[in-house]
Amino acid sequence: MSSNTPTDLQRLRVDQIGSLVRPPRVKEAFARYDHGEMTAGELRRVQDEAIRDVIKKQEAHGLGVVTDGEFRRHNFQESFSEAVSGFDVLKNTARYYEQRQVNVNPLERAEQNFDEAGPAIITRRPAVERLKLVRNLPLEEFCFSHGVATDPVKVTLIGPDRIAQRFKWEASKAAYRDLDDFVADVVAIERRMITDLVEAGCRYVQIDAPGYTAYVDPISLDRMRSRGEDPERNLERSVQADNALIEGFRWRNLRYPYLSWQCPHRRP
């Protein structure tokens with residue numbers, strides 16, 4: 001078939017990552033909220049408007065699956081960190097994001113102090129107790145987007161590998177025996193989150209796993225070894241965790257396409 005025929009593009013798979021560039025009004029709203037100049041309700045109204053707009057644009061471009069751009073998150077890793085209790089973090093980490101914007105050098109390796117008192121997963125934070133699911137943030141995001149979209153909505157969750165890499169296990173032994181014990185909890189919590197999404201009608205859950213690049217990066221490998229970790233065991237554990245995380249969900253989708261639980265904002 002000639003590359004000039006108009007039907008060629010119909011053969012291409014179209015996909016996208018979860019994060020989209022935030023509009024200036026969303027960035028401004030986050031900054032005002034972080035400084036106590038805007039209420040949570042006011043921030044949400046700005047986010048709602050921006051999400052409606054970005055979904056409309058995606059559908060106008062003919063994308064088969066749309067996202068909310070992750071406009072409700074400071075950072076994509078909040079899909080898990082904001083869903084659980086148990087991490088040892090400051091009550092207000094908003095200024096952390098503001099400081100991260102300073103002295104950014106384009107085209108240079110982005111280094112940060114993973115041991116500083118920042119948000120969980122973005123920095124290496126310990127656990128003071130076993131993690132518990134207290135808020136299914138991806139489910140909340142899906143319910144709103146599903147209520148305004150015509151096309152299927154994709155939701156993103158950060159995977160167990162990155163969560164484990166940014167967990168200060170050596171300072172968490174009162175809560176977890178070791179990394180294996182911690183990762184088992186992460187998988188159980190995320191399976192509950194995914195189950196809720198499936199039962200709400202979500203058919204596309206993306207597992208973000210950016211941390212796998214660490215296993216071919218000398219600096220990251222040296223950091224693991226300096227903490228007494230075996231990189232090969234870390235990689236093996238992460239692959240096993242990913243397999244455990246998704247096990248069975250494909251068949252659940254095919255066998256039970258319509259389930260009773262519905263989002264409160266679900267589109268009729």
# chains A, B, ... in the order shown; residues from 1 in each chain; ligands from 1
$ residues_around --residues "Ala244 in chain A" --least-positions-apart "5" --cutoff "12 Å" --atoms "only C-alpha atoms" --output "number ranges by chain"
A: 159-160, 183-191, 237-239, 249
$ atom_distance --atom1 "CA of Ile51 in chain A" --atom2 "CA of Phe71 in chain A"
7.0 Å
$ select_by_dssp --residues "range 44-184 of chain A" --states "strand (DSSP E)" --output "number ranges by chain"
A: 84-87, 127-133, 155-158
$ write_last_selection --atoms "C-alpha atoms" --output "JSON list (two decimals), in the first residue's frame"
[["chain", "number", "residue", "atom", "x", "y", "z"],
["A", 84, "VAL", "CA", -2.76, 6.18, 51.35],
["A", 85, "SER", "CA", -1.92, 6.92, 54.95],
["A", 86, "GLY", "CA", 1.17, 5.65, 56.76],
["A", 87, "PHE", "CA", 4.03, 7.57, 55.15],
["A", 127, "ALA", "CA", 6.50, 4.60, 56.89],
["A", 128, "VAL", "CA", 5.42, 5.05, 60.50],
["A", 129, "GLU", "CA", 2.70, 2.41, 60.15],
["A", 130, "ARG", "CA", 1.48, -0.03, 57.53],
["A", 131, "LEU", "CA", -0.09, 1.76, 54.58],
["A", 132, "LYS", "CA", -3.86, 1.98, 54.30],
["A", 133, "LEU", "CA", -6.02, 3.04, 51.38],
["A", 155, "VAL", "CA", -6.57, 6.49, 34.14],
["A", 156, "THR", "CA", -2.95, 6.30, 35.30],
["A", 157, "LEU", "CA", -1.41, 4.79, 38.45],
["A", 158, "ILE", "CA", 2.24, 4.84, 39.45]]
$ closest_residue --among "A:Leu43, A:Arg72, A:Arg203, A:Pro126" --to "Tyr176 in chain A" --atoms "only C-alpha atoms"
A:Pro126
$ residues_around --residues "range 177-180 of chain A" --least-positions-apart "4" --cutoff "9 Å" --atoms "only C-alpha atoms" --output "list in words"
Ala164, Phe167, Trp169, Glu170, Ser172, Lys173, Ala184, Asp185, Asn234 and Arg237 of chain A
$ write_last_selection --atoms "C-alpha atoms" --output "short mmCIF file (atom, residue, chain, number, x, y, z; two decimals), in the first residue's frame"
data_model
loop_
_atom_site.label_atom_id
_atom_site.label_comp_id
_atom_site.auth_asym_id
_atom_site.auth_seq_id
_atom_site.Cartn_x
_atom_site.Cartn_y
_atom_site.Cartn_z
CA ALA A 164 9.53 0.86 46.23
CA PHE A 167 10.56 4.11 50.10
CA TRP A 169 12.81 0.90 54.09
CA GLU A 170 15.82 1.17 56.39
CA SER A 172 10.61 1.77 58.48
CA LYS A 173 11.37 -1.52 60.17
CA ALA A 184 3.20 -6.90 48.94
CA ASP A 185 1.13 -4.21 50.68
CA ASN A 234 15.00 -5.10 43.07
CA ARG A 237 10.75 -8.00 42.74
#
$ residues_around --residues "Ser220 in chain A" --least-positions-apart "5" --cutoff "12 Å" --atoms "only C-alpha atoms" --output "PyMOL selection string"
chain A and resi 111+114+165-166+211-215+225-227+229-231+234
$ closest_residue --among "A:Gln47, A:Gln58, A:Gln112, A:Gln77" --to "Glu141 in chain A" --atoms "only C-alpha atoms"
A:Gln47
$ atom_distance --atom1 "CA of Tyr33 in chain A" --atom2 "CA of Pro119 in chain A"
16.7 Å
